[in-house]
>>> print(open('work.tsv').read())   # TSV, C-alpha atoms and all ligand atoms
chain	number	residue	atom	x	y	z
N	27	MET	CA	-43.56	-17.53	-73.67
N	28	ARG	CA	-44.75	-17.81	-70.06
N	29	ARG	CA	-42.43	-16.99	-67.22
N	30	ALA	CA	-41.52	-19.90	-64.94
N	31	THR	CA	-43.37	-18.29	-62.02
N	32	GLU	CA	-46.62	-18.42	-64.00
N	33	ILE	CA	-46.74	-22.17	-64.41
N	34	THR	CA	-49.92	-23.95	-63.31
N	35	SER	CA	-48.37	-27.38	-62.78
N	36	ALA	CA	-44.79	-28.46	-62.10
N	37	ALA	CA	-45.24	-30.80	-65.10
N	38	GLU	CA	-44.68	-27.70	-67.26
N	39	LEU	CA	-41.10	-27.50	-65.99
N	40	PHE	CA	-40.43	-30.89	-67.57
N	41	LEU	CA	-42.03	-30.35	-71.00
N	42	SER	CA	-38.96	-29.89	-73.14
N	43	ARG	CA	-36.61	-31.85	-70.98
N	44	GLU	CA	-33.69	-33.75	-72.45
N	45	ALA	CA	-32.37	-35.32	-69.24
N	46	GLU	CA	-34.01	-38.14	-67.29
N	47	PHE	CA	-35.94	-37.36	-64.10
N	48	GLY	CA	-37.81	-39.06	-61.24
N	49	LEU	CA	-41.59	-38.91	-60.85
N	50	TYR	CA	-43.19	-38.80	-57.40
N	51	ILE	CA	-46.96	-39.07	-57.00
N	52	HIS	CA	-48.53	-38.21	-53.65
N	53	THR	CA	-51.82	-39.71	-52.47
N	54	PRO	CA	-52.78	-37.98	-49.21
N	55	PHE	CA	-55.37	-40.32	-47.66
N	56	CYS	CA	-54.87	-42.52	-44.60
N	57	VAL	CA	-57.15	-44.73	-42.49
N	58	THR	CA	-55.96	-42.95	-39.33
N	59	LYS	CA	-53.52	-40.12	-38.71
N	60	CYS	CA	-50.64	-41.65	-36.81
N	61	PRO	CA	-49.62	-39.48	-33.82
N	62	TYR	CA	-45.95	-39.25	-34.91
N	63	CYS	CA	-46.64	-38.40	-38.56
N	64	ASP	CA	-45.83	-35.00	-40.04
N	65	PHE	CA	-46.44	-36.05	-43.66
N	66	ASN	CA	-49.14	-34.40	-45.75
N	67	SER	CA	-51.73	-37.07	-44.96
N	68	TYR	CA	-55.35	-36.92	-43.81
N	69	GLN	CA	-57.83	-39.15	-42.08
N	70	GLY	CA	-61.51	-38.99	-43.15
N	71	LEU	CA	-61.03	-37.28	-46.53
N	72	SER	CA	-61.38	-40.31	-48.77
N	73	HIS	CA	-64.56	-38.85	-50.26
N	74	HIS	CA	-62.19	-36.52	-52.19
N	75	GLU	CA	-60.34	-39.48	-53.68
N	76	ASP	CA	-61.91	-39.33	-57.15
N	77	GLU	CA	-61.20	-35.63	-57.63
N	78	VAL	CA	-57.60	-35.93	-56.39
N	79	VAL	CA	-56.95	-38.83	-58.77
N	80	ASP	CA	-58.67	-36.89	-61.61
N	81	THR	CA	-56.31	-33.96	-60.99
N	82	ILE	CA	-53.24	-36.19	-60.79
N	83	LEU	CA	-54.23	-37.71	-64.15
N	84	ARG	CA	-54.72	-34.24	-65.62
N	85	GLU	CA	-51.22	-33.22	-64.48
N	86	LEU	CA	-49.72	-36.44	-65.82
N	87	ALA	CA	-51.45	-35.86	-69.15
N	88	MET	CA	-49.50	-32.60	-69.54
N	89	LEU	CA	-46.23	-34.53	-69.90
N	90	PRO	CA	-45.02	-35.34	-73.39
N	91	LYS	CA	-45.47	-39.04	-74.15
N	92	PRO	CA	-43.32	-40.79	-73.41
N	93	SER	CA	-41.26	-38.73	-70.99
N	94	LYS	CA	-37.75	-39.59	-69.88
N	95	ILE	CA	-38.92	-40.80	-66.46
N	96	SER	CA	-36.24	-43.01	-64.90
N	97	THR	CA	-37.96	-43.82	-61.59
N	98	VAL	CA	-41.53	-43.62	-60.29
N	99	PHE	CA	-42.49	-43.52	-56.62
N	100	ILE	CA	-46.16	-43.53	-55.64
N	101	GLY	CA	-46.25	-42.58	-51.97
N	102	GLY	CA	-48.37	-40.92	-49.37
N	103	GLY	CA	-50.39	-41.05	-47.29
N	104	THR	CA	-51.45	-44.54	-48.13
N	105	PRO	CA	-51.68	-45.29	-51.88
N	106	SER	CA	-53.20	-48.74	-51.15
N	107	MET	CA	-56.21	-46.96	-49.63
N	108	LEU	CA	-57.31	-45.85	-53.08
N	109	SER	CA	-60.11	-47.93	-54.56
N	110	GLU	CA	-59.12	-50.68	-56.97
N	111	LYS	CA	-60.65	-48.62	-59.78
N	112	ASN	CA	-58.57	-45.55	-58.92
N	113	ILE	CA	-55.39	-47.60	-58.52
N	114	GLU	CA	-56.02	-48.93	-62.01
N	115	ARG	CA	-56.66	-45.45	-63.46
N	116	LEU	CA	-53.57	-44.05	-61.79
N	117	PHE	CA	-51.25	-46.90	-62.74
N	118	ARG	CA	-52.44	-46.92	-66.36
N	119	ALA	CA	-51.81	-43.18	-66.61
N	120	VAL	CA	-48.30	-43.61	-65.17
N	121	ARG	CA	-47.62	-46.45	-67.56
N	122	SER	CA	-48.60	-44.36	-70.55
N	123	ALA	CA	-46.38	-41.48	-69.35
N	124	THR	CA	-43.32	-43.71	-69.09
N	125	ASN	CA	-41.17	-45.63	-71.52
N	126	ASP	CA	-39.43	-48.91	-70.74
N	127	GLU	CA	-36.34	-47.58	-72.48
N	128	PHE	CA	-35.82	-45.12	-69.59
N	129	LEU	CA	-37.82	-46.52	-66.67
N	130	ARG	CA	-35.61	-48.42	-64.22
N	131	GLU	CA	-37.79	-48.66	-61.11
N	132	TRP	CA	-41.43	-48.12	-60.11
N	133	THR	CA	-42.25	-48.24	-56.41
N	134	VAL	CA	-45.60	-48.07	-54.63
N	135	GLU	CA	-46.08	-47.69	-50.89
N	136	VAL	CA	-48.78	-49.80	-49.25
N	137	ASN	CA	-50.03	-50.34	-45.73
N	138	PRO	CA	-51.07	-53.76	-44.41
N	139	GLU	CA	-54.68	-52.82	-43.58
N	140	SER	CA	-55.59	-51.74	-47.11
N	141	VAL	CA	-53.55	-53.90	-49.46
N	142	THR	CA	-55.64	-56.64	-51.10
N	143	LYS	CA	-54.97	-59.34	-53.68
N	144	PRO	CA	-56.98	-57.60	-56.45
N	145	LYS	CA	-55.10	-54.33	-55.78
N	146	LEU	CA	-51.79	-56.18	-55.86
N	147	ASP	CA	-52.75	-57.75	-59.19
N	148	VAL	CA	-53.37	-54.30	-60.69
N	149	ILE	CA	-50.14	-52.89	-59.19
N	150	SER	CA	-48.12	-55.76	-60.55
N	151	ASN	CA	-49.85	-56.08	-63.95
N	152	GLU	CA	-49.63	-52.38	-64.74
N	153	GLY	CA	-45.86	-52.31	-64.36
N	154	ALA	CA	-44.76	-51.53	-60.79
N	155	THR	CA	-41.48	-53.25	-59.91
N	156	ARG	CA	-41.16	-52.56	-56.22
N	157	ILE	CA	-43.45	-52.39	-53.18
N	158	SER	CA	-42.70	-50.73	-49.87
N	159	VAL	CA	-44.78	-51.96	-46.94
N	160	GLY	CA	-45.36	-49.77	-43.87
N	161	VAL	CA	-45.02	-52.50	-41.24
N	162	GLN	CA	-43.23	-50.36	-38.59
N	163	SER	CA	-43.33	-53.17	-35.96
N	164	PHE	CA	-44.54	-56.73	-35.44
N	165	ASN	CA	-45.35	-56.00	-31.79
N	166	ASP	CA	-49.07	-55.27	-31.25
N	167	SER	CA	-48.60	-53.00	-28.26
N	168	HIS	CA	-46.07	-50.92	-30.23
N	169	LEU	CA	-48.39	-50.78	-33.24
N	170	ARG	CA	-51.14	-49.45	-30.93
N	171	LEU	CA	-48.72	-46.92	-29.42
N	172	LEU	CA	-47.86	-45.74	-32.96
N	173	GLY	CA	-51.59	-45.40	-33.73
N	174	ARG	CA	-51.27	-47.72	-36.70
N	175	ALA	CA	-54.42	-49.07	-38.35
N	176	HIS	CA	-53.06	-52.62	-38.61
N	177	SER	CA	-52.19	-55.44	-36.23
N	178	SER	CA	-49.10	-57.65	-36.43
N	179	GLY	CA	-51.36	-60.41	-37.83
N	180	LYS	CA	-52.48	-58.13	-40.63
N	181	ALA	CA	-48.85	-57.17	-41.36
N	182	ARG	CA	-47.86	-60.85	-41.63
N	183	GLN	CA	-50.84	-61.59	-43.85
N	184	ALA	CA	-49.95	-58.68	-46.19
N	185	LEU	CA	-46.29	-59.72	-46.34
N	186	GLU	CA	-47.23	-63.34	-47.14
N	187	MET	CA	-49.49	-62.12	-49.93
N	188	ILE	CA	-46.83	-59.77	-51.37
N	189	SER	CA	-44.12	-62.43	-51.10
N	190	GLY	CA	-46.07	-64.41	-53.70
N	191	THR	CA	-45.76	-61.65	-56.30
N	192	LYS	CA	-42.82	-60.72	-58.51
N	193	LEU	CA	-42.51	-57.29	-56.85
N	194	ASP	CA	-39.26	-56.37	-55.07
N	195	LEU	CA	-40.17	-56.10	-51.40
N	196	SER	CA	-39.09	-53.33	-49.06
N	197	ILE	CA	-40.18	-53.21	-45.40
N	198	ASP	CA	-40.39	-50.06	-43.28
N	199	LEU	CA	-39.67	-50.32	-39.55
N	200	ILE	CA	-39.61	-47.69	-36.81
N	201	THR	CA	-37.36	-48.16	-33.82
N	202	CYS	CA	-36.37	-46.36	-30.58
N	203	LEU	CA	-40.03	-46.38	-29.52
N	204	PRO	CA	-40.98	-45.20	-26.02
N	205	GLY	CA	-40.47	-48.16	-23.68
N	206	GLN	CA	-38.99	-50.39	-26.42
N	207	THR	CA	-36.15	-52.66	-25.35
N	208	VAL	CA	-33.14	-53.61	-27.47
N	209	ASP	CA	-34.49	-57.18	-27.72
N	210	GLN	CA	-37.90	-56.03	-28.92
N	211	ALA	CA	-36.32	-53.86	-31.62
N	212	LEU	CA	-34.13	-56.79	-32.62
N	213	GLU	CA	-37.17	-59.10	-32.88
N	214	ASP	CA	-38.82	-56.68	-35.31
N	215	ALA	CA	-35.73	-56.60	-37.53
N	216	ARG	CA	-35.33	-60.40	-37.41
N	217	GLU	CA	-38.96	-60.99	-38.32
N	218	ALA	CA	-38.73	-58.54	-41.23
N	219	MET	CA	-35.73	-60.47	-42.55
N	220	ASN	CA	-37.76	-63.71	-42.53
N	221	TYR	CA	-39.59	-62.35	-45.58
N	222	PRO	CA	-37.92	-62.09	-49.00
N	223	ALA	CA	-37.20	-58.37	-48.58
N	224	GLY	CA	-34.28	-56.95	-50.55
N	225	HIS	CA	-34.60	-53.60	-48.78
N	226	ILE	CA	-35.33	-52.45	-45.23
N	227	SER	CA	-35.82	-48.88	-44.03
N	228	CYS	CA	-35.36	-48.59	-40.29
N	229	TYR	CA	-35.90	-45.11	-38.89
N	230	CYS	CA	-35.54	-44.02	-35.30
N	231	LEU	CA	-38.78	-42.42	-34.02
N	232	THR	CA	-38.64	-38.63	-34.01
N	233	PHE	CA	-41.01	-36.20	-32.32
N	234	GLU	CA	-41.65	-33.67	-35.07
N	235	GLU	CA	-43.20	-30.22	-34.54
N	236	GLY	CA	-46.95	-30.19	-35.07
N	237	THR	CA	-47.50	-33.87	-34.27
N	238	LYS	CA	-49.58	-35.33	-31.45
N	239	PHE	CA	-46.45	-37.11	-30.14
N	240	ARG	CA	-44.63	-33.78	-29.89
N	241	GLU	CA	-47.52	-32.35	-27.85
N	242	ASP	CA	-47.49	-35.45	-25.64
N	243	LEU	CA	-43.72	-35.15	-25.19
N	244	GLU	CA	-44.03	-31.52	-24.17
N	245	ALA	CA	-46.93	-32.38	-21.82
N	246	GLY	CA	-44.81	-35.15	-20.28
N	247	THR	CA	-47.33	-37.91	-21.12
N	248	ILE	CA	-44.85	-39.75	-23.34
N	249	ALA	CA	-41.08	-40.13	-22.98
N	250	GLU	CA	-38.33	-40.47	-25.58
N	251	SER	CA	-35.83	-43.31	-25.31
N	252	SER	CA	-32.68	-42.03	-23.64
N	253	GLU	CA	-29.84	-41.17	-26.02
N	254	GLU	CA	-27.80	-44.11	-24.74
N	255	LEU	CA	-30.64	-46.59	-25.23
N	256	ALA	CA	-31.50	-45.21	-28.69
N	257	LEU	CA	-27.85	-45.56	-29.70
N	258	GLU	CA	-27.68	-49.10	-28.35
N	259	ILE	CA	-30.91	-50.04	-30.18
N	260	MET	CA	-29.67	-48.60	-33.46
N	261	GLN	CA	-26.21	-50.15	-33.21
N	262	THR	CA	-27.63	-53.58	-32.33
N	263	VAL	CA	-30.41	-53.57	-34.92
N	264	TYR	CA	-28.28	-52.11	-37.72
N	265	SER	CA	-25.50	-54.60	-37.07
N	266	GLU	CA	-28.03	-57.47	-37.15
N	267	ILE	CA	-29.38	-56.26	-40.49
N	268	THR	CA	-25.94	-55.76	-42.02
N	269	SER	CA	-24.78	-59.20	-40.87
N	270	ASN	CA	-27.64	-60.70	-42.88
N	271	GLY	CA	-26.50	-59.60	-46.34
N	272	PHE	CA	-27.81	-56.02	-46.32
N	273	SER	CA	-25.57	-53.03	-46.73
N	274	ARG	CA	-26.28	-49.73	-45.00
N	275	TYR	CA	-26.23	-47.58	-48.12
N	276	GLU	CA	-27.94	-44.65	-46.43
N	277	VAL	CA	-28.08	-43.72	-42.77
N	278	SER	CA	-31.46	-45.49	-42.18
N	279	ASN	CA	-31.73	-47.63	-45.33
N	280	PHE	CA	-30.38	-51.11	-45.98
N	281	ALA	CA	-30.31	-53.07	-49.22
N	282	LYS	CA	-29.15	-56.37	-50.60
N	283	PRO	CA	-26.85	-55.93	-53.65
N	284	GLY	CA	-28.70	-54.16	-56.47
N	285	LYS	CA	-31.84	-53.54	-54.34
N	286	GLU	CA	-31.17	-49.93	-53.32
N	287	CYS	CA	-34.09	-47.55	-53.89
N	288	LEU	CA	-33.04	-45.73	-57.07
N	289	HIS	CA	-35.74	-43.10	-56.69
N	290	ASN	CA	-34.54	-42.05	-53.24
N	291	LEU	CA	-30.91	-42.24	-54.39
N	292	GLY	CA	-31.96	-39.63	-56.97
N	293	TYR	CA	-33.04	-37.24	-54.16
N	294	TRP	CA	-29.87	-37.90	-52.18
N	295	THR	CA	-27.61	-37.22	-55.17
N	296	GLY	CA	-29.34	-34.04	-56.36
N	297	SER	CA	-31.20	-35.40	-59.42
N	298	ASP	CA	-34.29	-33.60	-60.70
N	299	TYR	CA	-37.77	-34.84	-59.88
N	300	LEU	CA	-41.34	-33.97	-60.71
N	301	GLY	CA	-43.84	-34.20	-57.85
N	302	ILE	CA	-47.53	-34.58	-58.64
N	303	GLY	CA	-50.39	-34.68	-56.12
N	304	PRO	CA	-51.25	-32.52	-53.08
N	305	GLY	CA	-48.20	-30.95	-51.45
N	306	ALA	CA	-45.74	-32.70	-53.77
N	307	ALA	CA	-42.39	-30.94	-54.25
N	308	SER	CA	-40.50	-30.74	-57.53
N	309	ARG	CA	-37.02	-29.71	-58.48
N	310	ALA	CA	-35.87	-28.87	-61.98
N	311	GLY	CA	-32.33	-27.49	-61.97
N	312	ARG	CA	-32.40	-24.37	-59.82
N	313	ILE	CA	-36.19	-24.25	-59.64
N	314	ARG	CA	-38.06	-25.76	-56.71
N	315	SER	CA	-41.84	-25.73	-56.48
N	316	LYS	CA	-44.56	-27.19	-54.31
N	317	THR	CA	-48.15	-28.03	-55.12
N	318	ASN	CA	-51.20	-26.95	-53.08
N	319	LEU	CA	-51.05	-28.85	-49.82
N	320	HIS	CA	-54.63	-29.72	-48.97
N	321	PRO	CA	-56.57	-32.28	-51.04
N	322	THR	CA	-59.52	-29.87	-51.41
N	323	GLU	CA	-57.17	-27.20	-52.83
N	324	TYR	CA	-55.66	-29.68	-55.25
N	325	THR	CA	-58.41	-29.71	-57.89
N	326	ILE	CA	-58.83	-29.63	-61.65
N	327	VAL	CA	-60.65	-26.31	-61.21
N	328	ASN	CA	-57.60	-24.76	-59.52
N	329	LEU	CA	-55.32	-26.35	-62.11
N	330	SER	CA	-57.16	-24.55	-64.91
N	331	GLU	CA	-58.01	-21.31	-63.07
N	332	THR	CA	-55.33	-20.37	-60.57
N	333	GLY	CA	-52.79	-23.16	-61.00
N	334	LEU	CA	-51.65	-25.70	-58.43
N	335	ILE	CA	-48.31	-24.20	-57.46
N	336	SER	CA	-48.31	-22.84	-53.91
N	337	GLU	CA	-44.56	-22.32	-53.49
N	338	PHE	CA	-42.00	-21.41	-56.09
N	339	GLU	CA	-38.34	-20.67	-55.52
N	340	ILE	CA	-35.17	-20.20	-57.54
N	341	LEU	CA	-32.39	-21.74	-55.50
N	342	SER	CA	-29.10	-19.93	-54.96
N	343	ASN	CA	-25.73	-21.67	-55.29
N	344	GLU	CA	-25.44	-21.59	-51.53
N	345	GLN	CA	-28.83	-23.28	-51.00
N	346	ILE	CA	-27.93	-25.99	-53.51
N	347	ALA	CA	-24.54	-26.48	-51.84
N	348	ILE	CA	-26.12	-26.91	-48.40
N	349	GLU	CA	-28.71	-29.38	-49.70
N	350	THR	CA	-26.08	-31.34	-51.59
N	351	ILE	CA	-23.93	-31.67	-48.46
N	352	MET	CA	-26.92	-32.63	-46.28
N	353	MET	CA	-28.04	-35.32	-48.70
N	354	GLY	CA	-24.63	-36.61	-49.83
N	355	LEU	CA	-23.30	-37.24	-46.34
N	356	ARG	CA	-26.28	-39.52	-45.63
N	357	LEU	CA	-24.93	-42.00	-48.17
N	358	SER	CA	-22.31	-44.66	-47.53
N	359	SER	CA	-20.83	-43.69	-50.92
N	360	GLY	CA	-20.50	-40.16	-49.49
N	361	LEU	CA	-20.66	-36.70	-50.94
N	362	ASN	CA	-19.24	-36.86	-54.43
N	363	MET	CA	-17.11	-33.82	-55.22
N	364	GLU	CA	-17.85	-33.92	-58.93
N	365	THR	CA	-21.59	-34.04	-58.24
N	366	PHE	CA	-21.13	-31.05	-55.93
N	367	ARG	CA	-19.25	-29.16	-58.65
N	368	ASN	CA	-21.84	-30.00	-61.32
N	369	LEU	CA	-24.75	-28.91	-59.14
N	370	THR	CA	-23.26	-25.75	-57.63
N	371	GLY	CA	-20.66	-24.59	-60.16
N	372	MET	CA	-17.97	-24.47	-57.45
N	373	ASP	CA	-15.56	-26.73	-55.64
N	374	ILE	CA	-16.54	-27.79	-52.14
N	375	GLU	CA	-13.28	-26.33	-50.79
N	376	GLU	CA	-14.38	-22.96	-52.19
N	377	PHE	CA	-17.68	-23.23	-50.38
N	378	ASN	CA	-16.57	-24.31	-46.92
N	379	GLY	CA	-12.92	-25.44	-47.06
N	380	VAL	CA	-12.17	-24.38	-43.46
N	381	GLN	CA	-15.05	-26.37	-41.97
N	382	ILE	CA	-14.37	-29.39	-44.18
N	383	ARG	CA	-10.71	-29.49	-43.17
N	384	ALA	CA	-11.67	-29.14	-39.49
N	385	ALA	CA	-14.18	-32.03	-39.78
N	386	VAL	CA	-11.54	-34.23	-41.47
N	387	HIS	CA	-9.00	-33.28	-38.79
N	388	LYS	CA	-11.44	-34.28	-36.00
N	389	GLY	CA	-12.08	-37.62	-37.73
N	390	TRP	CA	-15.79	-36.83	-38.24
N	391	ILE	CA	-15.51	-37.29	-41.99
N	392	SER	CA	-12.99	-39.06	-44.18
N	393	LYS	CA	-11.70	-37.84	-47.53
N	394	SER	CA	-10.93	-39.99	-50.55
N	395	ALA	CA	-9.90	-39.03	-54.09
N	396	ASN	CA	-13.40	-37.92	-55.11
N	397	SER	CA	-15.65	-37.90	-52.04
N	398	PHE	CA	-16.18	-37.08	-48.39
N	399	LYS	CA	-17.84	-39.69	-46.17
N	400	VAL	CA	-19.09	-39.98	-42.63
N	401	PRO	CA	-17.65	-43.29	-41.37
N	402	ALA	CA	-20.28	-45.74	-40.07
N	403	ASN	CA	-19.11	-45.32	-36.46
N	404	ASN	CA	-19.84	-41.56	-36.69
N	405	LEU	CA	-23.27	-41.74	-38.32
N	406	HIS	CA	-24.98	-41.11	-34.98
N	407	LEU	CA	-23.28	-37.68	-35.08
N	408	LEU	CA	-24.54	-36.94	-38.59
N	409	ASP	CA	-26.84	-34.01	-37.70
N	410	HIS	CA	-24.08	-32.39	-35.71
N	411	ILE	CA	-21.51	-32.91	-38.49
N	412	ILE	CA	-23.85	-31.53	-41.16
N	413	SER	CA	-24.61	-28.50	-39.04
N	414	SER	CA	-20.88	-27.82	-38.57
N	415	LEU	CA	-20.44	-27.88	-42.37
N	416	THR	CA	-23.46	-25.83	-43.37
N	417	THR	CA	-23.74	-23.00	-40.83
G	501	LIG	S1	-50.03	-44.29	-42.39
G	501	LIG	FE1	-48.07	-43.25	-42.85
G	501	LIG	S2	-48.63	-41.35	-43.93
G	501	LIG	FE2	-50.49	-42.18	-42.95
G	501	LIG	S3	-50.64	-41.08	-41.03
G	501	LIG	FE3	-49.57	-43.01	-40.62
G	501	LIG	S4	-47.39	-42.52	-40.85
G	501	LIG	FE4	-48.54	-40.85	-41.77
>>> encode(input="work.tsv", output="C-alpha cells", more="lines below")
Ligand code: SF4
Amino acid sequence: MRRATEITSAAELFLSREAEFGLYIHTPFCVTKCPYCDFNSYQGLSHHEDEVVDTILRELAMLPKPSKISTVFIGGGTPSMLSEKNIERLFRAVRSATNDEFLREWTVEVNPESVTKPKLDVISNEGATRISVGVQSFNDSHLRLLGRAHSSGKARQALEMISGTKLDLSIDLITCLPGQTVDQALEDAREAMNYPAGHISCYCLTFEEGTKFREDLEAGTIAESSEELALEIMQTVYSEITSNGFSRYEVSNFAKPGKECLHNLGYWTGSDYLGIGPGAASRAGRIRSKTNLHPTEYTIVNLSETGLISEFEILSNEQIAIETIMMGLRLSSGLNMETFRNLTGMDIEEFNGVQIRAAVHKGWISKSANSFKVPANNLHLLDHIISSLTT
C-alpha cells in the first residue's frame, strides 16, 4: 500500500471514503488580472485550457463512480471563460462522478463578460443548481477602478439572461472601494436585489500582499477608505440587505431562507473537501494537500510521472482547533462546541478556556448551550477577536 505522502492526486485520498465530501474544481483563466486579486488566476494563458481541462477530467476519473459528493463548486479564475466545448466536457465528467442521492448543490462561478446563452444552456442542462455572478459593482467608474473586464451594461445583460434560467442566483459585490460613498455602495446593493438573487456575497475590498493594489497603496497612488467610512458603508449596506429578506449567515454572506451556499458552509464547519485543478486545496480528516499552482505545471504528464501534489501536511490538533475557531466564528450560527470536539478530540475550554472566558467577559462573544457566537454588532472586530482566541 502506498503511503499518503506518495499520492499523485488528492482524489486518491477519497477513494475508499464512506462519508460525504465537497468537490471544488478550479479553472485558473481570466480575461484580465484584476489589480486587487490574489487568487490563483492568470491572464493570457487560455491556450492551456484544453490541457488543464484534460487533467481535471483525468483526476475526476480516479474517483469511484458514483462518489459521495454532497456539493460541487466550480470556481476560479473564471469558469465561464472556458469554451462551450470544454464546459460541456467538464460538466459531463462532474455529472458522472456524482449521484443525485448525495448531491445537494452544484455551483458555478461566472463573470458577465464571458457568460453566454449557449454556455448557460450547458451549465443548466448538465445539472448545475446554482450560479454565482462576479458583478462586484454596477458603477462603471468603480468597475474600471477594479480592473474588471465588464461594464455595468454587460453585468445587467448577464443577470437578465441568468434570471430566465432555473439556476439559483448569487451575486458577488465588493464594497469600501477607494473614493466610494455610502450612497454609491447602497445603490449597488439595491440594484443587486432587483434581480431574483437568493444569495449575495458582499466583501469589503482588501489590499492583499502581492497584488497591484497593495503596491499602489504602498506607493501612495491609491488610498483605502478610512476605517470610519468603511464601517459606515458596511453597516448601511448590510442593514439594507438584511431588511430585504436576507439573513447575514456569514460575516460577508447573505441568503434568503434555504439559499445559503452549502459548499462554503462545509468549509466553515470543518467538512472534508476534494480540490481538483491548479492550486486547489483538499482536506481529508487530518490531511491537507495542495495541487501544483501554475496551469503549465498542472498536466497529465505530471499527474502520471511526478504527481500533482505540491504541498502535503498532516494537521496537528492545535492547527485544526485554530482553523475551526477561525471559521466557526464567521458564522451567525457560531462555533459549535460539538463540532469542535469531533474535529479536534478536545473540548474548547481545554484548548483556550482562559481566552474564551475573557472574550465572553468583555462581551466580544456570547455563549449559549452548545456554541460561541460573535454578536452582529461586534463582527467588525472579528479579526481582533479571532486573534485573541488563537494566539
Ligand atoms: S475575475 Fe476574479 S479571479 Fe479573475 S482576476 Fe478578477 S478577481 Fe481574480
>>> residues_near_ligand(input="work.tsv", ligand="ligand LIG 501 (chain G)", cutoff="7 Å", atoms="only C-alpha atoms and all ligand atoms", output="list in words")
Cys56, Thr58, Lys59, Cys60, Tyr62, Cys63, Asp64, Phe65, Ser67, Tyr68, Gly102, Gly103, Thr104, Asn137 and Arg174 of chain N
>>> write_last_selection(input="work.tsv", atoms="C-alpha atoms", output="PDB file, in the frame of the given file")
ATOM      1  CA  CYS N  56     -54.870 -42.520 -44.600  1.00  0.00           C
ATOM      2  CA  THR N  58     -55.960 -42.950 -39.330  1.00  0.00           C
ATOM      3  CA  LYS N  59     -53.520 -40.120 -38.710  1.00  0.00           C
ATOM      4  CA  CYS N  60     -50.640 -41.650 -36.810  1.00  0.00           C
ATOM      5  CA  TYR N  62     -45.950 -39.250 -34.910  1.00  0.00           C
ATOM      6  CA  CYS N  63     -46.640 -38.400 -38.560  1.00  0.00           C
ATOM      7  CA  ASP N  64     -45.830 -35.000 -40.040  1.00  0.00           C
ATOM      8  CA  PHE N  65     -46.440 -36.050 -43.660  1.00  0.00           C
ATOM      9  CA  SER N  67     -51.730 -37.070 -44.960  1.00  0.00           C
ATOM     10  CA  TYR N  68     -55.350 -36.920 -43.810  1.00  0.00           C
ATOM     11  CA  GLY N 102     -48.370 -40.920 -49.370  1.00  0.00           C
ATOM     12  CA  GLY N 103     -50.390 -41.050 -47.290  1.00  0.00           C
ATOM     13  CA  THR N 104     -51.450 -44.540 -48.130  1.00  0.00           C
ATOM     14  CA  ASN N 137     -50.030 -50.340 -45.730  1.00  0.00           C
ATOM     15  CA  ARG N 174     -51.270 -47.720 -36.700  1.00  0.00           C
TER      16      ARG N 174
END
>>> atom_distance(input="work.tsv", atom1="atom CA of Lys316 of chain N", atom2="atom CA of Asn343 of chain N")
19.6 Å
>>> residues_near_point(input="work.tsv", point="(-17.8, -33.7, -58.5)", cutoff="12 Å", atoms="all atoms listed in the file", output="PyMOL selection string")
chain N and resi 295-296+347+350-351+354+360-375+395-398
>>> closest_residue(input="work.tsv", among="N:Ile411, N:Val57, N:Val263, N:Met88", to="Ala175 of chain N", atoms="only C-alpha atoms")
N:Val57
>>> residues_around(input="work.tsv", residues="segment 234-243 of chain N", least_positions_apart="2", cutoff="7 Å", atoms="all atoms listed in the file", output="list in words")
Pro61, Tyr62, Cys63, Asp64, Thr232, Ala245, Gly246, Thr247, Ile248 and Ala249 of chain N
>>> atom_distance(input="work.tsv", atom1="atom CA of Val120 of chain N", atom2="atom CA of Ser106 of chain N")
15.7 Å
>>> closest_residue(input="work.tsv", among="N:Ser109, N:Ser42, N:Ser122, N:Ser414", to="His73 of chain N", atoms="all atoms listed in the file")
N:Ser109
>>> atom_distance(input="work.tsv", atom1="atom CA of Pro90 of chain N", atom2="atom CA of Arg309 of chain N")
17.8 Å
>>> closest_residue(input="work.tsv", among="N:Glu186, N:Glu131, N:Glu114, N:Glu250", to="Asp147 of chain N", atoms="all atoms listed in the file")
N:Glu114
>>> decode(input="work.tsv", residues="segment 65-74 of chain N", atoms="N, CA and C atoms", output="PDB file, in the first residue's frame")
ATOM      1  N   PHE N  65      -6.079  35.595  -6.038  1.00  0.00           N
ATOM      2  CA  PHE N  65      -6.445  34.201  -6.337  1.00  0.00           C
ATOM      3  C   PHE N  65      -5.450  33.623  -7.348  1.00  0.00           C
ATOM      4  N   ASN N  66      -5.488  32.312  -7.482  1.00  0.00           N
ATOM      5  CA  ASN N  66      -4.611  31.656  -8.460  1.00  0.00           C
ATOM      6  C   ASN N  66      -5.254  31.769  -9.844  1.00  0.00           C
ATOM      7  N   SER N  67      -5.109  32.942 -10.455  1.00  0.00           N
ATOM      8  CA  SER N  67      -5.769  33.189 -11.741  1.00  0.00           C
ATOM      9  C   SER N  67      -4.812  33.927 -12.668  1.00  0.00           C
ATOM     10  N   TYR N  68      -4.948  33.679 -13.970  1.00  0.00           N
ATOM     11  CA  TYR N  68      -3.960  34.165 -14.937  1.00  0.00           C
ATOM     12  C   TYR N  68      -4.631  34.744 -16.168  1.00  0.00           C
ATOM     13  N   GLN N  69      -4.063  35.848 -16.610  1.00  0.00           N
ATOM     14  CA  GLN N  69      -4.491  36.460 -17.872  1.00  0.00           C
ATOM     15  C   GLN N  69      -3.575  35.926 -18.980  1.00  0.00           C
ATOM     16  N   GLY N  70      -4.134  35.679 -20.173  1.00  0.00           N
ATOM     17  CA  GLY N  70      -3.300  35.326 -21.332  1.00  0.00           C
ATOM     18  C   GLY N  70      -2.812  33.889 -21.356  1.00  0.00           C
ATOM     19  N   LEU N  71      -3.408  32.999 -20.582  1.00  0.00           N
ATOM     20  CA  LEU N  71      -2.960  31.593 -20.605  1.00  0.00           C
ATOM     21  C   LEU N  71      -4.044  30.654 -21.127  1.00  0.00           C
ATOM     22  N   SER N  72      -5.038  31.219 -21.786  1.00  0.00           N
ATOM     23  CA  SER N  72      -6.157  30.386 -22.238  1.00  0.00           C
ATOM     24  C   SER N  72      -5.745  29.308 -23.229  1.00  0.00           C
ATOM     25  N   HIS N  73      -4.575  29.505 -23.868  1.00  0.00           N
ATOM     26  CA  HIS N  73      -4.128  28.466 -24.813  1.00  0.00           C
ATOM     27  C   HIS N  73      -3.790  27.157 -24.074  1.00  0.00           C
ATOM     28  N   HIS N  74      -3.738  27.202 -22.731  1.00  0.00           N
ATOM     29  CA  HIS N  74      -3.520  25.955 -21.971  1.00  0.00           C
ATOM     30  C   HIS N  74      -4.844  25.325 -21.517  1.00  0.00           C
TER      31      HIS N  74
END
